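entry-v2.txt follows (compact mmCIF, C-alpha atoms):
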# COMPACT_ATOMS: atom_id res chain seq x y z
CA MET A 1 15.25 17.55 2.19
CA LEU A 2 13.74 16.03 -0.97
CA LEU A 3 16.44 13.35 -0.85
CA ASN A 4 15.49 12.25 2.65
CA ASN A 5 14.29 8.67 2.96
CA PRO A 6 11.80 8.80 5.85
CA PHE A 7 11.39 5.04 5.93
CA ILE A 8 14.96 4.47 7.16
CA ASN A 9 14.31 6.23 10.47
CA LEU A 10 11.01 4.39 10.70
CA THR A 11 12.94 1.14 11.20
CA GLU A 12 13.82 2.40 14.69
CA ILE A 13 10.16 1.91 15.59
CA PHE A 14 8.97 -0.84 13.26
CA ASN A 15 10.66 -3.93 11.94
CA PRO A 16 11.28 -3.65 8.17
CA ILE A 17 9.32 -6.86 7.67
CA ALA A 18 6.33 -5.27 9.40
CA MET A 19 6.54 -2.31 7.02
CA GLN A 20 6.66 -4.65 4.04
CA LEU A 21 3.72 -6.64 5.36
CA PHE A 22 1.78 -3.39 5.70
CA ILE A 23 2.21 -2.71 1.98
CA VAL A 24 1.23 -6.29 1.14
CA ALA A 25 -1.85 -5.86 3.33
CA MET A 26 -2.79 -2.65 1.50
CA VAL A 27 -2.54 -4.44 -1.85
CA ALA A 28 -4.68 -7.25 -0.46
CA LEU A 29 -7.28 -4.73 0.72
CA VAL A 30 -7.45 -3.26 -2.79
CA ILE A 31 -7.96 -6.70 -4.33
CA ILE A 32 -10.58 -7.73 -1.78
CA GLY A 33 -12.42 -4.42 -2.00
CA THR A 34 -12.44 -4.51 -5.80
CA VAL A 35 -13.70 -8.10 -5.90
CA ILE A 36 -16.50 -7.27 -3.44
CA ASP A 37 -17.36 -4.20 -5.51
CA ILE A 38 -17.49 -6.32 -8.68
CA ILE A 39 -19.73 -8.90 -7.03
CA HIS A 40 -22.05 -6.30 -5.56
CA LYS A 41 -22.35 -3.96 -8.56
CA LYS A 42 -21.89 -6.67 -11.23
CA ASN A 43 -19.73 -4.36 -13.33
CA VAL A 44 -17.76 -7.12 -15.04
CA GLN A 45 -20.93 -9.07 -15.79
CA TYR A 46 -22.38 -5.96 -17.42
CA PHE A 47 -19.28 -5.47 -19.60
CA PHE A 48 -19.31 -9.09 -20.75
CA ASN A 49 -23.03 -9.08 -21.50
CA ASN A 50 -22.71 -5.78 -23.33
CA ALA A 51 -19.80 -7.13 -25.38
CA LYS A 52 -21.83 -10.21 -26.36
CA LYS A 53 -24.77 -8.08 -27.48
CA ALA A 54 -22.50 -5.76 -29.43
CA LYS A 55 -20.81 -8.67 -31.18
CA LEU A 56 -24.13 -9.73 -32.67
CA SER A 57 -24.55 -6.34 -34.36
CA ALA A 58 -20.93 -6.00 -35.49
CA THR A 59 -20.45 -5.22 -39.17
CA LYS A 60 -16.80 -6.25 -39.24
CA GLU A 61 -14.87 -9.04 -37.58
CA LEU A 62 -11.62 -7.77 -36.14
CA GLY A 63 -8.50 -9.86 -36.44
CA SER A 64 -6.02 -10.31 -33.60
CA GLY A 65 -3.70 -7.67 -35.02
CA GLU A 66 -6.50 -5.14 -35.36
CA ARG A 67 -7.71 -5.77 -31.82
CA ILE A 68 -4.19 -5.38 -30.45
CA ALA A 69 -3.77 -2.15 -32.40
CA VAL A 70 -7.04 -0.74 -31.04
CA ILE A 71 -6.16 -1.73 -27.48
CA ALA A 72 -2.64 -0.29 -27.77
CA LYS A 73 -3.96 2.98 -29.18
CA THR A 74 -6.53 3.18 -26.40
CA VAL A 75 -3.91 2.63 -23.71
CA VAL A 76 -1.46 5.14 -25.17
CA HIS A 77 -3.92 7.83 -26.23
CA ASP A 78 -7.06 7.55 -24.11
CA ILE A 79 -5.82 6.07 -20.84
CA ALA A 80 -2.23 7.31 -20.52
CA THR A 81 -3.10 10.90 -21.42
CA THR A 82 -6.77 11.06 -20.30
CA SER A 83 -7.66 12.44 -23.72
CA GLU A 84 -11.38 12.16 -23.01
CA LEU A 85 -11.08 15.30 -20.88
CA GLY A 86 -9.94 17.44 -23.79
CA ALA A 87 -7.06 19.90 -23.82
CA GLY A 88 -7.92 21.86 -20.70
CA LYS A 89 -7.09 22.46 -17.06
CA ARG A 90 -9.06 19.43 -15.94
CA ARG A 91 -6.90 17.14 -18.04
CA VAL A 92 -3.68 18.67 -16.71
CA ALA A 93 -4.89 18.23 -13.13
CA HIS A 94 -5.81 14.60 -13.76
CA VAL A 95 -2.48 13.83 -15.43
CA LEU A 96 -0.58 15.42 -12.54
CA GLY A 97 -2.57 13.47 -9.99
CA MET A 98 -2.47 10.19 -11.90
CA TYR A 99 1.24 10.08 -12.61
CA GLY A 100 2.08 11.61 -9.25
CA THR A 101 0.16 8.83 -7.52
CA ILE A 102 1.81 6.12 -9.62
CA ILE A 103 5.28 7.50 -8.89
CA PHE A 104 4.44 7.90 -5.20
CA TRP A 105 3.18 4.34 -4.80
CA ILE A 106 5.98 2.69 -6.77
CA SER A 107 8.72 4.64 -4.99
CA SER A 108 7.10 3.87 -1.62
CA ALA A 109 7.28 0.16 -2.35
CA VAL A 110 10.88 0.40 -3.58
CA LEU A 111 12.00 2.36 -0.51
CA VAL A 112 10.30 -0.02 1.91
CA PHE A 113 11.43 -3.23 0.25
CA CYS A 114 14.88 -2.22 -1.02
CA TYR A 115 16.13 0.72 1.07
CA ASN A 116 14.93 0.02 4.60
CA SER A 117 18.28 0.38 6.39
CA SER A 118 21.35 2.61 6.33
CA THR A 119 23.35 -0.21 4.72
CA SER A 120 20.97 -0.66 1.79
CA GLY A 121 22.79 1.80 -0.44
CA ASP A 122 22.03 5.24 -1.82
CA SER A 123 18.27 5.82 -1.96
CA SER A 124 18.41 9.49 -2.99
CA THR A 125 16.92 8.90 -6.44
CA TRP A 126 13.93 6.96 -5.15
CA SER A 127 13.53 9.37 -2.23
CA PHE A 128 13.38 12.27 -4.67
CA LEU A 129 10.81 10.41 -6.78
CA TRP A 130 8.78 9.71 -3.63
CA HIS A 131 8.63 13.41 -2.79
CA LEU A 132 8.07 14.39 -6.42
CA GLY A 133 5.16 11.97 -6.75
CA ALA A 134 3.56 13.25 -3.55
CA ILE A 135 3.95 16.87 -4.66
CA MET A 136 2.47 16.13 -8.10
CA THR A 137 -0.46 14.34 -6.47
CA CYS A 138 -1.09 17.30 -4.18
CA LEU A 139 -0.87 19.82 -7.02
CA GLY A 140 -3.25 17.94 -9.29
CA GLY A 141 -5.55 16.80 -6.49
CA PHE A 142 -5.99 20.11 -4.71
CA TRP A 143 -6.35 21.93 -8.02
CA PHE A 144 -9.15 19.55 -8.93
CA TRP A 145 -10.74 19.59 -5.47
CA LEU A 146 -10.78 23.34 -4.97
CA PHE A 147 -11.51 24.62 -8.47
CA LEU A 148 -12.36 22.01 -11.09
CA ARG A 149 -14.98 19.71 -9.58
CA VAL A 150 -18.29 19.92 -11.37
CA ASP A 151 -20.28 20.75 -8.26
CA VAL A 152 -17.83 23.53 -7.41
CA SER A 153 -17.13 25.09 -10.81
CA ALA A 154 -20.58 24.69 -12.35
CA GLU A 155 -23.10 24.11 -9.57
CA ALA A 156 -21.76 26.69 -7.10
CA HIS A 157 -21.38 24.27 -4.21
CA PRO A 158 -18.67 25.17 -1.66
CA TRP A 159 -15.35 23.34 -1.97
CA TYR A 160 -15.74 21.89 1.52
CA ARG A 161 -18.97 20.04 0.66
CA ILE A 162 -18.12 16.35 1.05
CA ILE A 163 -20.06 13.29 -0.10
CA LYS A 164 -19.21 9.58 -0.01
CA ALA A 165 -17.92 9.66 -3.58
CA ASP A 166 -15.16 12.05 -2.46
CA LEU A 167 -13.59 9.45 -0.16
CA PHE A 168 -11.00 8.34 -2.72
CA VAL A 169 -9.78 11.81 -3.65
CA LEU A 170 -9.64 13.07 -0.08
CA ALA A 171 -7.88 9.96 1.24
CA LEU A 172 -5.38 10.13 -1.62
CA LEU A 173 -4.67 13.79 -0.91
CA ALA A 174 -4.36 13.05 2.80
CA CYS A 175 -1.79 10.32 2.11
CA SER A 176 0.37 12.59 -0.01
CA THR A 177 0.00 15.63 2.24
CA PHE A 178 0.68 13.82 5.51
CA GLY A 179 3.50 11.86 3.89
CA LEU A 180 5.24 15.07 2.85
CA ALA A 181 4.60 16.64 6.25
CA TRP A 182 6.02 13.56 7.97
CA SER A 183 9.16 13.61 5.83
CA PHE A 184 9.77 17.35 6.16
CA THR A 185 9.24 17.47 9.94
CA GLN A 186 11.52 14.46 10.27
CA SER A 187 14.20 16.25 8.22
CA PHE A 188 14.00 19.32 10.48
CA GLY A 189 14.21 17.22 13.63
CA LEU A 190 10.67 18.00 14.80
CA VAL A 191 10.18 14.64 16.47
CA GLY A 192 6.76 15.25 18.00
CA LEU A 193 5.24 16.60 14.80
CA SER A 194 6.86 13.89 12.71
CA TYR A 195 5.22 11.19 14.84
CA LEU A 196 1.88 12.99 14.58
CA PHE A 197 2.07 13.16 10.79
CA LEU A 198 3.28 9.55 10.67
CA VAL A 199 0.14 8.42 12.50
CA LEU A 200 -2.01 10.50 10.15
CA PHE A 201 -0.12 9.11 7.16
CA ILE A 202 -0.77 5.53 8.28
CA ALA A 203 -4.43 6.28 9.05
CA SER A 204 -5.01 7.90 5.66
CA ASN A 205 -3.48 4.87 3.93
CA LEU A 206 -5.80 2.58 5.85
CA ILE A 207 -8.77 4.69 4.80
CA LEU A 208 -7.62 4.89 1.17
CA PHE A 209 -6.91 1.21 0.65
CA GLY A 210 -9.41 -0.13 3.14
CA GLY A 211 -12.25 1.97 1.75
CA VAL A 212 -12.10 0.67 -1.82
CA TYR A 213 -15.63 -0.73 -1.63
CA TRP A 214 -17.10 2.62 -0.54
CA SER A 215 -14.98 4.91 -2.73
CA LYS A 216 -14.19 5.38 -6.41
CA PHE A 217 -10.86 3.56 -6.11
CA ALA A 218 -12.09 0.62 -8.19
CA HIS A 219 -13.02 2.99 -11.02
CA MET A 220 -9.32 3.09 -11.90
CA PHE A 221 -9.75 -0.49 -13.09
CA TYR A 222 -13.18 -0.09 -14.68
CA LYS A 223 -12.52 3.00 -16.79
CA PRO A 224 -9.67 1.53 -18.87
CA GLY A 225 -11.80 -1.53 -19.58
CA ALA A 226 -14.74 0.63 -20.61
CA ALA A 227 -12.52 2.73 -22.89
CA ILE A 228 -11.11 -0.36 -24.59
CA GLN A 229 -14.58 -1.85 -25.06
CA LYS A 230 -15.87 1.42 -26.53
CA ASN A 231 -13.07 1.67 -29.10
CA LEU A 232 -13.37 -2.00 -30.05
CA ALA A 233 -17.10 -1.49 -30.57
CA GLU A 234 -16.42 1.47 -32.85
CA ALA A 235 -13.81 -0.49 -34.79
CA ASP A 236 -16.06 -3.50 -35.46
CA GLY A 237 -19.08 -1.34 -36.28
CA SER A 238 -21.28 -2.49 -33.41
CA ARG A 239 -21.02 0.90 -31.65
CA ASP A 240 -22.39 -0.60 -28.41
CA ASN A 241 -25.76 -0.92 -30.14
CA LEU A 242 -25.98 2.85 -30.61
CA PRO A 243 -27.08 4.42 -33.91
CA PRO A 244 -24.37 5.76 -36.24
CA PRO A 245 -23.70 9.50 -36.43
CA ALA A 246 -26.14 11.42 -38.59
CA ASP A 247 -24.86 12.30 -42.03
CA ALA A 248 -25.72 15.96 -41.61
CA PRO A 249 -23.95 19.15 -40.52
CA GLU A 250 -23.88 19.87 -36.80
CA GLN A 251 -26.36 22.66 -36.19
CA PHE A 252 -26.85 23.61 -32.57
CA GLY A 253 -28.18 27.13 -32.99
CA LEU A 254 -26.72 30.39 -31.76
CA GLY A 255 -27.35 29.52 -28.12
CA ILE A 256 -24.31 27.27 -27.97
CA LYS A 257 -22.05 30.28 -28.56
CA ARG A 258 -23.27 32.16 -25.51
CA GLU A 259 -21.05 30.28 -23.09
CA GLN A 260 -17.75 28.49 -23.55
CA PRO A 261 -18.25 24.74 -22.99
CA LYS A 262 -16.46 23.05 -20.10
CA HIS A 263 -15.06 19.52 -20.06
CA TYR A 264 -16.40 17.57 -17.12

Taking this structure as input, can you express it in the form of structure tokens?
Amino acid sequence: MLLNNPFINLTEIFNPIAMQLFIVAMVALVIIGTVIDIIHKKNVQYFFNNAKKAKLSATKELGSGERIAVIAKTVVHDIATTSELGAGKRRVAHVLGMYGTIIFWISSAVLVFCYNSSTSGDSSTWSFLWHLGAIMTCLGGFWFWLFLRVDVSAEAHPWYRIIKADLFVLALLACSTFGLAWSFTQSFGLVGLSYLFLVLFIASNLILFGGVYWSKFAHMFYKPGAAIQKNLAEADGSRDNLPPPADAPEQFGLGIKREQPKHY
């Protein structure tokens, strides 16, 4: 069941080229949505202006090797492992969702472009990765959605409270969930249900990739840039124009011990 390639049977309905064009269109929607978001919110302009201001207050000029080292460390430590979330459940959920999504998207592209017919060879490895990625995304995503969101875990809002900012997470979960349901019903020969979940799978992809401008999808590109800029600012001494840490012991009083802190 986990080795089933659902895209092969899909060629009975759609031409493989149409399936490939669909993926290309989704990538184009991400690019267009991100560019519009950048123009509207002026995120990139803010980062560049902030970097220029910080450079004026830098106490050390970083060489190329030092900059590369800082960027590499940021990518490996901060971005790849989401270390900013600390060693807790929230970090585990994010890592599951992040790597599950990456595996799911890459394997989807490979299956559609390279294994779209019965004569394309053995696709069991990529099919397994496709299912594994979807399952990881569901585990991390639903764990986060039901239990770890700030407004649920700390502000006592119900898990079913939905705002516009939730569009990305919900669409991503819908893609993975309906994709798995489509594959499993197809494996069991439930034709009617498989077509239903296929339609929902396609619709959720359109919402996910077509709603970049209205969701937090583009934050996946902004956050790594912000993390790199922050670490470069600390390395050159500019600290984003913030004051240095006080040379004094951290004294927060006894009140801080009353409740275990949570990483949001």

inquiry  = Set the distance at 12 Å and use only C-alpha atoms: which residues neighbour region 23-32 of chain A once local chain neighbours fewer than 2 positions away are removed? I'd like the list as number ranges by chain.
reply    = A: 16-21, 34-39, 105-106, 108-113, 202-221

ask   = If you count only C-alpha atoms, which residues fall within 12 Å of Ile102 (chain A), apart from same-chain ones fewer than 4 positions away, as a ChimeraX atom specification?
value = /A:80,95-98,106-109,129-130,132-134,136-137,172,176,220

Grab the residues selected above and save them as a tab-separated table (two decimals), in the frame of the given file with C-alpha atoms.
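That gives us out-v4.tsv:
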chain	number	residue	atom	x	y	z
A	80	ALA	CA	-2.23	7.31	-20.52
A	95	VAL	CA	-2.48	13.83	-15.43
A	96	LEU	CA	-0.58	15.42	-12.54
A	97	GLY	CA	-2.57	13.47	-9.99
A	98	MET	CA	-2.47	10.19	-11.90
A	106	ILE	CA	5.98	2.69	-6.77
A	107	SER	CA	8.72	4.64	-4.99
A	108	SER	CA	7.10	3.87	-1.62
A	109	ALA	CA	7.28	0.16	-2.35
A	129	LEU	CA	10.81	10.41	-6.78
A	130	TRP	CA	8.78	9.71	-3.63
A	132	LEU	CA	8.07	14.39	-6.42
A	133	GLY	CA	5.16	11.97	-6.75
A	134	ALA	CA	3.56	13.25	-3.55
A	136	MET	CA	2.47	16.13	-8.10
A	137	THR	CA	-0.46	14.34	-6.47
A	172	LEU	CA	-5.38	10.13	-1.62
A	176	SER	CA	0.37	12.59	-0.01
A	220	MET	CA	-9.32	3.09	-11.90

query = What does the distance from CA of Thr74 (chain A) to CA of Arg91 (chain A) come to in Å, to one decimal?
reply = 16.3 Å

query = What is the CA of Lys60 (chain A)-CA of Ile228 (chain A) distance in Å, reported with one decimal?
reply =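 Between these atoms lies a distance of 16.8 Å.
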
Can you sort out the box for region 192-208 of chain A, edges along x, y and z, all listed atoms in, 3 Å on every side, with centre and edge lengths in Å to one decimal, as JSON?
{"center_x": -1.0, "center_y": 9.6, "center_z": 9.6, "size_x": 21.6, "size_y": 20.0, "size_z": 22.8}

key: Point-to-point distance in Å for CA of Leu167 (chain A) and CA of Ser194 (chain A)   =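 Between CA of Ser194 (chain A) and CA of Leu167 (chain A) the gap works out to 24.6 Å.
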
key: Close residues, Ser123 (chain A) itself excluded, 8 Å, all atoms listed in the file, min 5 positions apart in chain, as a list in words   =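 Neighbouring residues, sequence-local ones excluded: Leu3, Asn5, Leu111 and Tyr115 of chain A.
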
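The residue set within 10 Å of Arg90 (chain A), counting only C-alpha atoms and dropping same-chain residues fewer than 3 places from it, reads Thr82, Leu85, Gly86, Ala87, Ala93, His94, Val95, Leu96, Gly140, Trp143, Phe144, Phe147, Leu148, Arg149, Lys262, His263 and Tyr264 of chain A.
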
query = Nearest to Lys230 (chain A) among A:Asn116, A:Thr177, A:Ile163, A:Leu242, with distances taken over only C-alpha atoms: which residue is it?
reply =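 Nearest to Lys230 (chain A): A:Leu242.
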
ask   = Neighbours of Gly189 (chain A) within 12 Å (all atoms listed in the file; same-chain residues fewer than 5 positions away dropped), as a ChimeraX atom specification?
value = /A:1,6,9,182-184,194-195

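When all atoms listed in the file are used to measure the gap to Ser57 (chain A), the shortest distance among A:Pro158, A:Ala246, A:Val92, A:Ser238 belongs to A:Ser238.
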
key: Of the listed residues A:Gly237, A:Tyr222, A:Leu196, A:Leu232, that which approaches Ile71 (chain A) most closely, counting all atoms listed in the file   =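 That would be A:Leu232, the residue with the smallest distance to Ile71 (chain A).
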
Rebuild region 188-199 of chain A to N, CA and C atoms - output it as a CSV table (one decimal), keeping the file's coordinate frame, please.
chain,number,residue,atom,x,y,z
A,188,PHE,N,13.7,18.2,9.6
A,188,PHE,CA,14.0,19.3,10.5
A,188,PHE,C,14.1,18.9,12.0
A,189,GLY,N,14.0,17.7,12.3
A,189,GLY,CA,14.2,17.2,13.6
A,189,GLY,C,13.0,17.5,14.5
A,190,LEU,N,11.9,17.7,14.0
A,190,LEU,CA,10.7,18.0,14.8
A,190,LEU,C,10.0,16.7,15.1
A,191,VAL,N,10.5,16.0,16.2
A,191,VAL,CA,10.2,14.6,16.5
A,191,VAL,C,8.7,14.5,16.8
A,192,GLY,N,8.2,15.4,17.6
A,192,GLY,CA,6.8,15.2,18.0
A,192,GLY,C,5.8,15.4,16.8
A,193,LEU,N,6.1,16.4,16.0
A,193,LEU,CA,5.2,16.6,14.8
A,193,LEU,C,5.4,15.5,13.8
A,194,SER,N,6.6,15.0,13.7
A,194,SER,CA,6.9,13.9,12.7
A,194,SER,C,6.1,12.6,13.1
A,195,TYR,N,6.0,12.3,14.4
A,195,TYR,CA,5.2,11.2,14.8
A,195,TYR,C,3.7,11.4,14.6
A,196,LEU,N,3.3,12.7,14.8
A,196,LEU,CA,1.9,13.0,14.6
A,196,LEU,C,1.5,12.8,13.1
A,197,PHE,N,2.4,13.3,12.2
A,197,PHE,CA,2.1,13.2,10.8
A,197,PHE,C,2.3,11.7,10.3
A,198,LEU,N,3.1,11.0,11.0
A,198,LEU,CA,3.3,9.6,10.7
A,198,LEU,C,2.0,8.8,11.0
A,199,VAL,N,1.4,9.1,12.1
A,199,VAL,CA,0.1,8.4,12.5
A,199,VAL,C,-1.0,8.8,11.5
